[in-house]
$ cat coords.txt   # compact mmCIF, C-alpha atoms
# COMPACT_ATOMS: atom_id res chain seq x y z
CA MET Z 1 -10.55 -23.89 21.81
CA THR Z 2 -8.96 -25.15 18.59
CA ILE Z 3 -8.28 -22.42 16.05
CA ALA Z 4 -8.32 -23.24 12.34
CA ASP Z 5 -4.86 -24.04 11.02
CA ARG Z 6 -5.12 -21.41 8.27
CA VAL Z 7 -5.12 -18.69 10.94
CA ASN Z 8 -2.31 -20.26 12.92
CA ARG Z 9 -0.10 -20.13 9.82
CA VAL Z 10 -0.18 -16.33 9.60
CA THR Z 11 1.07 -13.62 11.96
CA PRO Z 12 -0.87 -10.53 13.06
CA SER Z 13 -0.06 -7.24 11.32
CA MET Z 14 2.95 -5.76 13.12
CA THR Z 15 2.22 -2.30 11.75
CA LEU Z 16 -1.29 -2.29 13.21
CA ALA Z 17 -0.03 -3.74 16.51
CA ILE Z 18 2.63 -1.07 16.98
CA SER Z 19 0.25 1.71 15.93
CA ALA Z 20 -2.27 0.43 18.47
CA LYS Z 21 0.36 0.34 21.22
CA ALA Z 22 1.43 3.90 20.41
CA LYS Z 23 -2.20 5.07 20.58
CA ALA Z 24 -2.66 3.28 23.91
CA MET Z 25 0.42 5.00 25.33
CA LYS Z 26 -0.92 8.37 24.13
CA ALA Z 27 -4.24 7.61 25.83
CA GLU Z 28 -2.31 7.12 29.08
CA GLY Z 29 -1.01 10.66 28.73
CA LEU Z 30 2.46 9.84 27.37
CA ASP Z 31 3.97 12.16 24.76
CA VAL Z 32 4.39 9.62 21.96
CA CYS Z 33 5.77 10.66 18.58
CA SER Z 34 4.39 8.12 16.15
CA PHE Z 35 6.00 7.39 12.79
CA SER Z 36 4.16 4.09 12.53
CA ALA Z 37 0.87 4.67 10.75
CA GLY Z 38 0.45 4.59 7.00
CA GLU Z 39 -2.36 7.10 7.25
CA PRO Z 40 -2.50 10.73 6.06
CA ASP Z 41 -3.02 13.10 8.99
CA PHE Z 42 -5.37 15.26 6.91
CA ASP Z 43 -9.14 15.29 7.14
CA THR Z 44 -11.14 13.97 4.21
CA PRO Z 45 -11.81 16.90 1.82
CA ASP Z 46 -15.10 18.69 2.40
CA HIS Z 47 -16.65 18.00 -1.01
CA ILE Z 48 -16.21 14.26 -0.46
CA LYS Z 49 -17.84 14.39 2.97
CA ALA Z 50 -20.65 16.56 1.58
CA ALA Z 51 -21.41 13.98 -1.11
CA ALA Z 52 -21.68 11.22 1.48
CA LYS Z 53 -23.93 13.40 3.67
CA GLN Z 54 -26.14 14.15 0.69
CA ALA Z 55 -26.37 10.44 -0.09
CA LEU Z 56 -27.51 9.83 3.48
CA ASP Z 57 -30.14 12.54 3.17
CA GLN Z 58 -31.32 10.93 -0.07
CA GLY Z 59 -31.77 7.57 1.61
CA LYS Z 60 -28.75 5.81 0.11
CA THR Z 61 -28.65 3.52 3.13
CA ARG Z 62 -29.79 0.18 1.74
CA TYR Z 63 -28.07 -2.85 0.30
CA GLY Z 64 -26.43 -2.31 -3.05
CA PRO Z 65 -24.81 -4.55 -5.67
CA ALA Z 66 -22.03 -6.64 -4.15
CA ALA Z 67 -19.61 -5.46 -6.86
CA GLY Z 68 -20.29 -1.80 -6.09
CA GLU Z 69 -22.61 1.03 -7.08
CA PRO Z 70 -22.80 1.21 -10.91
CA ALA Z 71 -22.05 4.96 -10.85
CA LEU Z 72 -18.85 4.37 -8.87
CA ARG Z 73 -17.72 1.55 -11.13
CA ARG Z 74 -18.27 3.84 -14.13
CA ALA Z 75 -16.30 6.62 -12.43
CA ILE Z 76 -13.41 4.25 -11.68
CA ALA Z 77 -13.39 3.01 -15.28
CA GLN Z 78 -13.24 6.63 -16.46
CA LYS Z 79 -10.38 7.36 -14.05
CA LEU Z 80 -8.38 4.37 -15.24
CA GLN Z 81 -8.85 5.45 -18.85
CA GLN Z 82 -7.90 9.09 -18.25
CA ASP Z 83 -5.08 8.64 -15.71
CA ASN Z 84 -3.63 5.26 -16.61
CA ASP Z 85 -4.48 4.66 -20.26
CA LEU Z 86 -6.26 1.43 -19.30
CA CYS Z 87 -9.39 0.47 -21.18
CA TYR Z 88 -11.65 -1.07 -18.51
CA GLY Z 89 -15.43 -0.99 -18.43
CA PRO Z 90 -17.56 -1.06 -15.26
CA GLU Z 91 -17.91 -4.82 -15.71
CA ASN Z 92 -14.13 -5.12 -15.23
CA ILE Z 93 -14.23 -3.52 -11.77
CA ILE Z 94 -15.22 -4.63 -8.28
CA VAL Z 95 -15.48 -2.19 -5.37
CA THR Z 96 -14.12 -3.61 -2.11
CA ASN Z 97 -13.81 -2.72 1.56
CA GLY Z 98 -10.47 -0.97 1.13
CA GLY Z 99 -7.49 -1.71 -1.09
CA LYS Z 100 -6.43 -4.48 1.29
CA HIS Z 101 -9.74 -6.26 0.75
CA SER Z 102 -9.30 -6.11 -3.03
CA LEU Z 103 -6.02 -7.99 -2.70
CA TYR Z 104 -7.45 -10.48 -0.21
CA ASN Z 105 -10.35 -11.21 -2.58
CA LEU Z 106 -7.88 -11.65 -5.41
CA MET Z 107 -5.74 -14.15 -3.51
CA MET Z 108 -8.77 -16.14 -2.41
CA THR Z 109 -10.09 -16.22 -5.97
CA LEU Z 110 -6.90 -16.77 -7.98
CA ILE Z 111 -4.47 -18.62 -5.67
CA GLY Z 112 -4.75 -22.18 -4.43
CA PRO Z 113 -2.56 -24.94 -2.96
CA GLY Z 114 0.61 -25.41 -4.98
CA ASP Z 115 0.51 -21.94 -6.52
CA GLU Z 116 3.52 -19.69 -6.03
CA VAL Z 117 3.37 -15.90 -5.74
CA ILE Z 118 6.53 -13.84 -6.28
CA ILE Z 119 6.88 -10.97 -3.80
CA PRO Z 120 9.85 -8.57 -3.79
CA ALA Z 121 11.12 -7.68 -0.31
CA PRO Z 122 10.83 -5.29 1.44
CA TYR Z 123 7.11 -5.88 0.97
CA TRP Z 124 3.87 -4.61 2.46
CA VAL Z 125 3.22 -6.78 5.49
CA SER Z 126 -0.03 -8.39 4.30
CA TYR Z 127 1.09 -9.72 0.90
CA PRO Z 128 2.67 -13.02 2.04
CA GLU Z 129 0.04 -13.59 4.73
CA MET Z 130 -2.78 -13.30 2.20
CA VAL Z 131 -1.03 -15.78 -0.08
CA THR Z 132 -0.61 -18.19 2.83
CA LEU Z 133 -4.28 -17.86 3.82
CA ALA Z 134 -5.24 -18.76 0.24
CA GLY Z 135 -3.11 -21.90 0.46
CA GLY Z 136 -0.39 -20.62 -1.83
CA THR Z 137 3.35 -20.27 -1.33
CA PRO Z 138 4.96 -16.82 -1.05
CA VAL Z 139 8.27 -16.68 -2.93
CA ILE Z 140 10.23 -13.80 -1.42
CA VAL Z 141 12.84 -12.09 -3.62
CA PRO Z 142 15.22 -9.85 -1.61
CA THR Z 143 16.16 -6.42 -2.93
CA ASP Z 144 18.56 -3.93 -1.37
CA LEU Z 145 19.37 -0.28 -0.83
CA ALA Z 146 22.09 -0.30 -3.49
CA GLY Z 147 19.57 -1.43 -6.09
CA GLY Z 148 16.93 1.06 -4.99
CA TYR Z 149 14.87 -1.75 -3.46
CA LYS Z 150 13.72 -2.82 -6.94
CA ILE Z 151 13.38 -6.32 -8.30
CA THR Z 152 15.22 -6.72 -11.60
CA PRO Z 153 13.93 -8.61 -14.65
CA GLU Z 154 16.73 -11.14 -14.13
CA GLN Z 155 15.66 -11.76 -10.53
CA LEU Z 156 12.03 -12.14 -11.55
CA ARG Z 157 12.88 -14.55 -14.36
CA ARG Z 158 15.14 -16.60 -12.07
CA HIS Z 159 12.38 -17.15 -9.50
CA ILE Z 160 9.64 -18.16 -11.94
CA THR Z 161 8.80 -21.88 -11.88
CA PRO Z 162 6.01 -23.98 -13.43
CA GLN Z 163 4.07 -23.31 -10.19
CA THR Z 164 4.31 -19.51 -10.46
CA ARG Z 165 0.84 -18.00 -10.70
CA LEU Z 166 1.26 -14.35 -9.77
CA PHE Z 167 3.82 -11.56 -9.36
CA ILE Z 168 3.06 -8.67 -6.99
CA LEU Z 169 4.29 -5.25 -8.12
CA ASN Z 170 3.92 -2.27 -5.78
CA SER Z 171 4.90 1.14 -7.17
CA PRO Z 172 5.09 3.59 -5.44
CA SER Z 173 6.11 1.18 -2.73
CA ASN Z 174 5.25 0.66 0.90
CA PRO Z 175 7.61 0.56 2.82
CA THR Z 176 10.43 2.02 0.72
CA GLY Z 177 8.85 4.78 -1.36
CA THR Z 178 10.42 3.27 -4.46
CA VAL Z 179 8.90 4.16 -7.85
CA TYR Z 180 9.77 2.00 -10.85
CA SER Z 181 10.61 3.99 -13.96
CA PRO Z 182 8.63 3.39 -17.18
CA GLU Z 183 11.68 1.58 -18.62
CA GLU Z 184 11.87 -0.71 -15.57
CA ILE Z 185 8.13 -1.43 -15.75
CA LYS Z 186 8.44 -2.34 -19.43
CA ALA Z 187 11.36 -4.68 -18.71
CA LEU Z 188 9.40 -6.48 -15.98
CA ALA Z 189 6.38 -6.72 -18.30
CA GLU Z 190 8.50 -8.54 -20.87
CA VAL Z 191 9.26 -11.25 -18.31
CA VAL Z 192 5.60 -11.51 -17.27
CA ILE Z 193 4.55 -11.94 -20.91
CA GLU Z 194 7.35 -14.38 -21.65
CA ALA Z 195 6.42 -16.57 -18.65
CA ASP Z 196 2.65 -16.09 -19.15
CA ILE Z 197 1.95 -15.34 -15.50
CA TRP Z 198 -0.38 -12.84 -13.83
CA VAL Z 199 0.84 -9.58 -12.30
CA VAL Z 200 -1.13 -7.55 -9.79
CA SER Z 201 -0.12 -3.90 -9.73
CA ASP Z 202 -0.80 -2.35 -6.32
CA GLU Z 203 -1.07 1.37 -7.08
CA ILE Z 204 -2.57 2.67 -3.84
CA TYR Z 205 0.15 5.38 -3.59
CA GLU Z 206 -0.10 6.34 -7.26
CA LYS Z 207 -1.01 9.98 -6.57
CA ILE Z 208 1.74 10.57 -3.99
CA ARG Z 209 4.94 11.12 -5.97
CA TYR Z 210 7.73 13.70 -5.86
CA ASP Z 211 10.00 15.62 -8.23
CA ASP Z 212 7.73 14.96 -11.22
CA VAL Z 213 8.60 11.25 -11.17
CA PRO Z 214 6.33 9.53 -13.75
CA HIS Z 215 3.99 6.65 -12.99
CA LEU Z 216 3.25 3.92 -15.53
CA SER Z 217 0.70 1.18 -15.00
CA ILE Z 218 2.16 -2.09 -16.26
CA GLY Z 219 -1.09 -2.97 -18.06
CA ALA Z 220 -0.79 0.16 -20.23
CA ILE Z 221 2.35 -1.08 -21.98
CA GLY Z 222 0.45 -3.07 -24.58
CA PRO Z 223 -2.23 -5.71 -25.20
CA GLU Z 224 -0.13 -8.66 -24.01
CA ALA Z 225 0.71 -6.96 -20.70
CA TYR Z 226 -2.88 -5.75 -20.28
CA GLN Z 227 -4.23 -9.30 -20.66
CA ARG Z 228 -2.06 -10.48 -17.76
CA THR Z 229 -2.53 -7.46 -15.45
CA LEU Z 230 -4.76 -6.98 -12.44
CA LEU Z 231 -4.85 -3.52 -10.85
CA SER Z 232 -5.51 -2.78 -7.19
CA ASN Z 233 -6.12 0.75 -5.93
CA GLY Z 234 -8.27 2.72 -3.52
CA PHE Z 235 -9.13 6.06 -1.97
CA ALA Z 236 -7.38 5.85 1.41
CA LYS Z 237 -4.06 7.52 0.68
CA ALA Z 238 -4.71 10.02 -2.12
CA TYR Z 239 -7.92 11.40 -0.62
CA ALA Z 240 -7.28 10.86 3.13
CA MET Z 241 -10.14 8.34 3.28
CA THR Z 242 -8.51 5.55 5.30
CA GLY Z 243 -11.53 4.97 7.54
CA TRP Z 244 -14.00 4.95 4.65
CA ARG Z 245 -12.74 1.53 3.53
CA ILE Z 246 -13.21 1.82 -0.23
CA GLY Z 247 -10.87 0.14 -2.68
CA TYR Z 248 -11.20 -1.60 -6.00
CA LEU Z 249 -9.69 -4.15 -8.32
CA ALA Z 250 -9.78 -4.07 -12.12
CA GLY Z 251 -9.25 -7.12 -14.29
CA PRO Z 252 -10.84 -9.61 -16.68
CA VAL Z 253 -14.61 -10.01 -16.44
CA GLU Z 254 -14.34 -13.70 -15.55
CA LEU Z 255 -12.15 -12.95 -12.53
CA ILE Z 256 -14.30 -10.01 -11.40
CA ARG Z 257 -17.40 -12.23 -11.53
CA ALA Z 258 -15.63 -14.83 -9.39
CA MET Z 259 -14.55 -12.16 -6.90
CA ASN Z 260 -18.11 -10.87 -6.83
CA THR Z 261 -19.34 -14.35 -5.91
CA LEU Z 262 -16.81 -14.51 -3.09
CA GLN Z 263 -17.66 -11.02 -1.84
CA SER Z 264 -21.39 -11.73 -1.97
CA HIS Z 265 -20.84 -14.41 0.68
CA SER Z 266 -18.40 -12.45 2.85
CA THR Z 267 -19.03 -8.72 3.11
CA SER Z 268 -21.70 -8.06 0.46
CA ASN Z 269 -21.53 -4.46 -0.76
CA VAL Z 270 -19.27 -1.69 0.51
CA CYS Z 271 -21.07 0.94 2.67
CA THR Z 272 -23.56 2.42 0.21
CA PHE Z 273 -23.47 6.12 1.08
CA ALA Z 274 -19.67 6.06 1.42
CA GLN Z 275 -19.45 5.04 -2.23
CA TYR Z 276 -21.06 8.33 -3.21
CA GLY Z 277 -18.22 10.10 -1.41
CA ALA Z 278 -15.81 8.08 -3.53
CA ILE Z 279 -17.60 9.19 -6.70
CA ALA Z 280 -17.13 12.80 -5.59
CA ALA Z 281 -13.45 12.10 -4.92
CA LEU Z 282 -12.94 11.00 -8.53
CA GLU Z 283 -15.20 13.49 -10.25
CA GLY Z 284 -14.72 16.54 -8.01
CA PRO Z 285 -11.80 18.96 -7.48
CA GLN Z 286 -8.37 17.33 -7.31
CA ASP Z 287 -6.51 20.20 -5.63
CA CYS Z 288 -6.61 18.31 -2.32
CA ILE Z 289 -4.08 15.87 -3.74
CA ALA Z 290 -1.65 18.66 -4.57
CA THR Z 291 -2.13 20.27 -1.15
CA MET Z 292 -1.34 17.07 0.71
CA GLY Z 293 1.48 16.26 -1.70
CA HIS Z 294 3.15 19.61 -1.03
CA ALA Z 295 3.03 18.97 2.72
CA PHE Z 296 4.42 15.45 2.31
CA ALA Z 297 7.25 16.78 0.15
CA GLN Z 298 8.19 19.35 2.79
CA ARG Z 299 8.15 16.72 5.53
CA ARG Z 300 10.21 14.36 3.39
CA GLN Z 301 12.99 16.92 3.13
CA VAL Z 302 13.00 17.56 6.88
CA MET Z 303 13.13 13.82 7.56
CA LEU Z 304 15.91 13.17 5.05
CA LYS Z 305 18.08 15.99 6.38
CA ALA Z 306 17.72 14.73 9.94
CA ILE Z 307 18.34 11.06 9.12
CA HIS Z 308 21.44 11.88 7.07
CA SER Z 309 22.84 13.78 10.07
CA ILE Z 310 22.61 10.78 12.42
CA PRO Z 311 25.76 8.59 12.30
CA GLY Z 312 24.91 4.94 11.71
CA LEU Z 313 21.71 5.60 9.78
CA SER Z 314 21.25 5.81 6.02
CA CYS Z 315 18.34 5.77 3.59
CA ALA Z 316 17.43 6.29 -0.03
CA THR Z 317 15.36 9.27 -1.10
CA PRO Z 318 11.77 8.05 -1.54
CA GLN Z 319 10.18 9.01 -4.84
CA GLY Z 320 6.65 8.25 -3.71
CA ALA Z 321 4.36 7.35 -0.78
CA PHE Z 322 5.17 8.89 2.62
CA TYR Z 323 7.78 6.64 4.17
CA LEU Z 324 11.51 6.59 4.80
CA TYR Z 325 13.03 3.14 4.87
CA VAL Z 326 16.06 3.65 7.11
CA ASP Z 327 19.03 1.27 7.15
CA ILE Z 328 20.16 0.60 10.76
CA SER Z 329 22.41 -2.36 9.98
CA ALA Z 330 25.52 -0.43 11.06
CA LEU Z 331 24.17 -0.46 14.63
CA ALA Z 332 24.06 -4.28 14.70
CA VAL Z 333 20.72 -4.33 16.55
CA PRO Z 334 17.76 -6.46 15.42
CA SER Z 335 15.08 -4.16 14.05
CA LEU Z 336 12.37 -5.39 16.41
CA ASP Z 337 14.59 -4.79 19.45
CA PHE Z 338 15.54 -1.37 18.11
CA CYS Z 339 11.90 -0.31 17.65
CA SER Z 340 10.74 -1.78 20.97
CA GLN Z 341 13.49 -0.02 22.92
CA LEU Z 342 12.95 3.25 21.06
CA LEU Z 343 9.25 3.20 21.93
CA GLU Z 344 9.79 2.25 25.57
CA GLU Z 345 12.68 4.66 26.24
CA LYS Z 346 11.97 7.63 23.99
CA TYR Z 347 8.26 7.27 23.19
CA VAL Z 348 8.93 7.13 19.45
CA ALA Z 349 6.95 4.58 17.41
CA THR Z 350 8.51 3.09 14.26
CA ILE Z 351 8.06 -0.19 12.37
CA PRO Z 352 10.84 -2.82 12.29
CA GLY Z 353 12.11 -3.96 8.92
CA VAL Z 354 11.55 -7.59 9.86
CA ALA Z 355 7.82 -6.91 9.43
CA PHE Z 356 8.53 -6.16 5.76
CA GLY Z 357 10.72 -9.20 5.22
CA ALA Z 358 13.99 -7.24 5.39
CA GLU Z 359 15.98 -7.18 8.61
CA GLY Z 360 18.38 -4.33 9.37
CA SER Z 361 16.01 -1.45 8.64
CA ILE Z 362 13.09 0.48 10.10
CA ARG Z 363 10.19 2.32 8.46
CA LEU Z 364 9.28 5.87 9.40
CA SER Z 365 6.04 7.40 8.17
CA TYR Z 366 5.98 11.15 7.65
CA ALA Z 367 2.20 11.27 7.45
CA THR Z 368 2.22 13.39 10.58
CA ASP Z 369 2.76 17.04 11.45
CA LEU Z 370 6.15 18.78 11.30
CA GLU Z 371 6.24 19.49 15.03
CA THR Z 372 5.89 15.79 15.82
CA ILE Z 373 8.46 14.94 13.15
CA GLU Z 374 11.06 17.35 14.54
CA ARG Z 375 10.49 16.29 18.15
CA GLY Z 376 10.55 12.60 17.28
CA LEU Z 377 13.71 12.87 15.19
CA GLU Z 378 15.53 14.61 18.05
CA ARG Z 379 14.63 11.68 20.28
CA LEU Z 380 15.69 9.19 17.60
CA ALA Z 381 19.08 10.90 17.28
CA ALA Z 382 19.57 10.82 21.05
CA PHE Z 383 18.59 7.14 21.14
CA VAL Z 384 21.07 6.21 18.39
CA ARG Z 385 23.86 8.21 20.09
CA SER Z 386 23.22 6.28 23.28
CA ARG Z 387 23.77 3.03 21.37
CA SER Z 388 26.90 4.09 19.50

$ encode --input "coords.txt" --output "structure tokens"
Amino acid sequence: MTIADRVNRVTPSMTLAISAKAKAMKAEGLDVCSFSAGEPDFDTPDHIKAAAKQALDQGKTRYGPAAGEPALRRAIAQKLQQDNDLCYGPENIIVTNGGKHSLYNLMMTLIGPGDEVIIPAPYWVSYPEMVTLAGGTPVIVPTDLAGGYKITPEQLRRHITPQTRLFILNSPSNPTGTVYSPEEIKALAEVVIEADIWVVSDEIYEKIRYDDVPHLSIGAIGPEAYQRTLLSNGFAKAYAMTGWRIGYLAGPVELIRAMNTLQSHSTSNVCTFAQYGAIAALEGPQDCIATMGHAFAQRRQVMLKAIHSIPGLSCATPQGAFYLYVDISALAVPSLDFCSQLLEEKYVATIPGVAFGAEGSIRLSYATDLETIERGLERLAAFVRSRS
């Protein structure tokens, strides 16, 4: 069988592959400590599940508008106004099958052959692959631990060419947990405006931040930034709704209409009754976010203390999300080999930095319980000692 070239040009998601292998090992009865999944270990809050159940009982089981239920689009617009100071109407919003799908739709709608997309590394694994699938060219800009894994305005400006179409900004970041300060966001916005390019702000971890670190949406800086901004977000991380597959993208009406056309021929609408759960997530109690955030903060401290005690490992303190991005370069072992051996020998699942476009590091998720964290970190320390 001949597979289409567009598929042959991309690689499968390494994060999903390693998570699947860890789950398979667990199913065989092995005591695997998994730090691989970017998925909260909490159940979806009861009021959200109740709203979806009620929608089922009310017969909300039929096709809906491809762009999303009008009530959900209104609720998202209200959220963006209240939380992010962004003036979007329902017509500026499309509801998608997860945050990932919103970005895929965007790339397929906005990017074509010859277009360049600037992506700071370390990056979320799917960014460059989506660009490639759309026929565009990913332009990877390396960042480092010393610089807090943040792209600078000078770096952004230096990589912009006449072919540059889009800049991807992810704050809080997967995999590093980096959060750009308001001043840094404003400085990047100046370059975007100056070059007259688009920026998509991936804010899926917006609600998971620590130490009162502020979050600023780049489109809220002013009219010129707003006109060039696209915003991607979803419900998976903040509300523990990963399996519900509900995300959204906000932007100019013309682009949203084009994305709607694309979606109408691919997935049609997002699961109808699930969208009513999403409405409840936005309009109902928000204490679930604080509860999960408190647990993540506690786990973060345990993880940091343990990592800092292991010779040869170092990492920055994440300001958001639920990951540690650990530098293993002192061990002089390729990250994929490190992670493969750690899983095979110690039953600890982590993600190699090479998956995020930055060799010499590994990503550890602390979206798991403290007992697993403590047991897994003991095994990690023993593994590193055996290699020293």

$ closest_residue --input "coords.txt" --among "Z:Ala278, Z:Leu145, Z:Leu166, Z:Leu103" --to "Gly360 in chain Z" --atoms "all atoms listed in the file"
Z:Leu145

$ atom_distance --input "coords.txt" --atom1 "CA of Tyr325 in chain Z" --atom2 "CA of Ile307 in chain Z"
10.4 Å

$ closest_residue --input "coords.txt" --among "Z:Ile373, Z:Ala146, Z:Val125, Z:Ile221" --to "Gly353 in chain Z" --atoms "all atoms listed in the file"
Z:Val125

$ closest_atom_pairs --input "coords.txt" --of "range 157-265 of chain Z" --to "range 85-92 of chain Z" --cutoff "9 Å" --atoms "all atoms listed in the file" --output "JSON lines"
{"residue": "Z:Ser217", "atom": "CA", "partner": "Z:Asp85", "partner_atom": "CA", "distance": 8.2}
{"residue": "Z:Gly219", "atom": "CA", "partner": "Z:Leu86", "partner_atom": "CA", "distance": 6.9}
{"residue": "Z:Ala220", "atom": "CA", "partner": "Z:Leu86", "partner_atom": "CA", "distance": 5.7}
{"residue": "Z:Tyr226", "atom": "CA", "partner": "Z:Leu86", "partner_atom": "CA", "distance": 8.0}
{"residue": "Z:Leu249", "atom": "CA", "partner": "Z:Asn92", "partner_atom": "CA", "distance": 8.3}
{"residue": "Z:Ala250", "atom": "CA", "partner": "Z:Asn92", "partner_atom": "CA", "distance": 5.4}
{"residue": "Z:Gly251", "atom": "CA", "partner": "Z:Asn92", "partner_atom": "CA", "distance": 5.4}
{"residue": "Z:Pro252", "atom": "CA", "partner": "Z:Asn92", "partner_atom": "CA", "distance": 5.8}
{"residue": "Z:Val253", "atom": "CA", "partner": "Z:Asn92", "partner_atom": "CA", "distance": 5.1}
{"residue": "Z:Glu254", "atom": "CA", "partner": "Z:Asn92", "partner_atom": "CA", "distance": 8.6}
{"residue": "Z:Leu255", "atom": "CA", "partner": "Z:Asn92", "partner_atom": "CA", "distance": 8.5}
{"residue": "Z:Ile256", "atom": "CA", "partner": "Z:Asn92", "partner_atom": "CA", "distance": 6.2}
{"residue": "Z:Arg257", "atom": "CA", "partner": "Z:Glu91", "partner_atom": "CA", "distance": 8.5}

$ residues_around --input "coords.txt" --residues "Gly312 in chain Z" --least-positions-apart "2" --cutoff "7 Å" --atoms "all atoms listed in the file" --output "list in words"
Ile310, Ser314, Ile328, Ala330 and Leu331 of chain Z

$ write_last_selection --input "coords.txt" --atoms "C-alpha atoms" --output "compact mmCIF listing (two decimals), in the coordinates of the input"
# COMPACT_ATOMS: atom_id res chain seq x y z
CA ILE Z 310 22.61 10.78 12.42
CA SER Z 314 21.25 5.81 6.02
CA ILE Z 328 20.16 0.60 10.76
CA ALA Z 330 25.52 -0.43 11.06
CA LEU Z 331 24.17 -0.46 14.63

$ closest_residue --input "coords.txt" --among "Z:Gln298, Z:Asn97, Z:Thr44, Z:Ser173" --to "Leu370 in chain Z" --atoms "only C-alpha atoms"
Z:Gln298

$ closest_residue --input "coords.txt" --among "Z:Gly357, Z:Gly284, Z:Gly222, Z:Pro182" --to "Tyr127 in chain Z" --atoms "only C-alpha atoms"
Z:Gly357

$ atom_distance --input "coords.txt" --atom1 "CA of Pro175 in chain Z" --atom2 "CA of Ile48 in chain Z"
27.7 Å

$ residues_around --input "coords.txt" --residues "Ser335 in chain Z" --least-positions-apart "6" --cutoff "9 Å" --atoms "all atoms listed in the file" --output "list in words"
Ile328, Ser329, Ile351, Pro352, Gly353, Val354, Glu359, Gly360, Ser361 and Ile362 of chain Z

$ decode --input "coords.txt" --residues "range 132-145 of chain Z" --atoms "N, CA and C atoms" --output "PDB file, in the first residue's frame"
ATOM      1  N   THR Z 132       3.781  21.119   8.956  1.00  0.00           N
ATOM      2  CA  THR Z 132       4.233  20.290   7.846  1.00  0.00           C
ATOM      3  C   THR Z 132       3.049  19.688   7.095  1.00  0.00           C
ATOM      4  N   LEU Z 133       2.057  19.193   7.822  1.00  0.00           N
ATOM      5  CA  LEU Z 133       0.869  18.623   7.180  1.00  0.00           C
ATOM      6  C   LEU Z 133       0.146  19.654   6.318  1.00  0.00           C
ATOM      7  N   ALA Z 134       0.190  20.919   6.746  1.00  0.00           N
ATOM      8  CA  ALA Z 134      -0.467  21.986   5.989  1.00  0.00           C
ATOM      9  C   ALA Z 134       0.363  22.448   4.792  1.00  0.00           C
ATOM     10  N   GLY Z 135       1.574  21.903   4.664  1.00  0.00           N
ATOM     11  CA  GLY Z 135       2.437  22.278   3.548  1.00  0.00           C
ATOM     12  C   GLY Z 135       3.381  23.414   3.859  1.00  0.00           C
ATOM     13  N   GLY Z 136       3.347  23.899   5.095  1.00  0.00           N
ATOM     14  CA  GLY Z 136       4.224  24.996   5.488  1.00  0.00           C
ATOM     15  C   GLY Z 136       5.575  24.520   5.976  1.00  0.00           C
ATOM     16  N   THR Z 137       6.396  25.488   6.382  1.00  0.00           N
ATOM     17  CA  THR Z 137       7.751  25.191   6.859  1.00  0.00           C
ATOM     18  C   THR Z 137       7.904  25.641   8.304  1.00  0.00           C
ATOM     19  N   PRO Z 138       8.125  24.693   9.235  1.00  0.00           N
ATOM     20  CA  PRO Z 138       8.385  25.098  10.617  1.00  0.00           C
ATOM     21  C   PRO Z 138       9.771  25.741  10.723  1.00  0.00           C
ATOM     22  N   VAL Z 139       9.831  26.894  11.369  1.00  0.00           N
ATOM     23  CA  VAL Z 139      11.110  27.559  11.622  1.00  0.00           C
ATOM     24  C   VAL Z 139      11.337  27.489  13.128  1.00  0.00           C
ATOM     25  N   ILE Z 140      12.251  26.628  13.538  1.00  0.00           N
ATOM     26  CA  ILE Z 140      12.462  26.345  14.959  1.00  0.00           C
ATOM     27  C   ILE Z 140      13.503  27.310  15.520  1.00  0.00           C
ATOM     28  N   VAL Z 141      13.139  27.975  16.612  1.00  0.00           N
ATOM     29  CA  VAL Z 141      14.046  28.927  17.274  1.00  0.00           C
ATOM     30  C   VAL Z 141      14.420  28.358  18.642  1.00  0.00           C
ATOM     31  N   PRO Z 142      15.673  27.937  18.833  1.00  0.00           N
ATOM     32  CA  PRO Z 142      16.060  27.330  20.113  1.00  0.00           C
ATOM     33  C   PRO Z 142      16.076  28.353  21.249  1.00  0.00           C
ATOM     34  N   THR Z 143      15.615  27.925  22.417  1.00  0.00           N
ATOM     35  CA  THR Z 143      15.761  28.683  23.654  1.00  0.00           C
ATOM     36  C   THR Z 143      16.484  27.784  24.648  1.00  0.00           C
ATOM     37  N   ASP Z 144      16.880  28.338  25.799  1.00  0.00           N
ATOM     38  CA  ASP Z 144      17.649  27.512  26.730  1.00  0.00           C
ATOM     39  C   ASP Z 144      17.253  27.768  28.181  1.00  0.00           C
ATOM     40  N   LEU Z 145      17.809  26.932  29.050  1.00  0.00           N
ATOM     41  CA  LEU Z 145      17.521  27.014  30.473  1.00  0.00           C
ATOM     42  C   LEU Z 145      17.936  28.359  31.045  1.00  0.00           C
TER      43      LEU Z 145
END
